[in-house]
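Peer 1: My structure is below; once you've seen it, I'll send some questions.
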Amino acid sequence: MKKIVLILLFNLCIVSCYSQKTTSDIIYFLPSSVTEVLNKELQQRNENSNNYIVLDKENVDTYIVYLSNIDSPKNFWVEHSNRSVFLHGKLIPLYFYSDEFLSYAERGENVLKKLGSEEEIRKVNTIRDNVFNVKFKLNGEIIK
């Protein structure tokens, strides 16, 4: 009887490990006018280049999309984002501009450990002076 209880308990532990919630991808579809402009830009770029998109909200109905290349081998927000945009027949990683300002470029458990100590928390700011961008209204009208 003890063996049966132990086997049942062991099976419940194994099953509970598999029942954890997994994250799913969030796929964004931009207005068709913006998609056309971004697709043209992607066609001009090298097919092997790793691109990503940053979405910024300028005001109530105006957005800016930045199309960038991954400069360094590691971009924290690209690696840890579950968002992407469907462009040029493939999924391009996406994150929000506010992610850079309101979060730290480290995993959450590392940041929480460092809060009580004197260790530095890594903060990254990105300058986008010469990055391809499209400014558009919510209805798809391209402003710039």
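In the structure tokens, chains take the letters A, B, ... in the order shown, each chain's residues start at 1, and ligands count up from 1 in the order shown.
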I'd like the neighbourhood of Val134 of chain A as a ChimeraX atom specification, where a residue qualifies if any of its atoms comes within 7 Å (using only C-alpha atoms), though same-chain residues fewer than 2 positions away should be ignored.

Peer 2: /A:64-66,136,144

Peer 1: Quick one: everything within 12 Å of Leu138 of chain A, counting only C-alpha atoms, minus sequence neighbours fewer than 5 positions away in the same chain. Send it as a list of chain:residue names.

Peer 2: A:Leu30, A:Pro31, A:Ser32, A:Ser33, A:Val34, A:Lys57, A:Glu58, A:Asn59, A:Val60, A:Asp61, A:Thr62, A:Tyr63, A:Ile64, A:Ile143

Peer 1: Between atom CA of Ser68 of chain A and atom CA of Asn130 of chain A, what is the spacing in Å?

Peer 2: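 These atoms are spaced 9.6 Å apart.
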
Peer 1: Between atom CA of Asn39 of chain A and atom CA of Asp129 of chain A, what is the distance in Å, rounded to a tenth?

Peer 2: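 Those two atoms sit 21.0 Å apart.
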
Peer 1: Report the distance between atom CA of Asn50 of chain A and atom CA of Ser98 of chain A in Å, rounded to one decimal place.

Peer 2: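 Atom-to-atom, atom CA of Asn50 of chain A and atom CA of Ser98 of chain A are spaced 21.5 Å apart.
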
Peer 1: Find the residues near segment 85-97 of chain A: any atom within 10 Å, counting only C-alpha atoms, skip ones fewer than 3 places away on the same chain, and give them as a PyMOL selection string.

Peer 2: chain A and resi 26-30+35-36+38-43+50-57+64-67+77-82+100-102+126

Peer 1: Within segment 21-81 of chain A, find each residue whose DSSP state, derived from the backbone, is strand (DSSP E or B), and express the selection as a list in words.

Peer 2: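 Strand (DSSP E or B) assignments inside segment 21-81 of chain A correspond to Ile26, Ile27, Tyr28, Asn51, Tyr52, Ile53, Val54, Leu55, Asp56, Lys57, Thr62, Tyr63, Ile64, Val65, Tyr66, Leu67, Ser68 and Asn69 of chain A.
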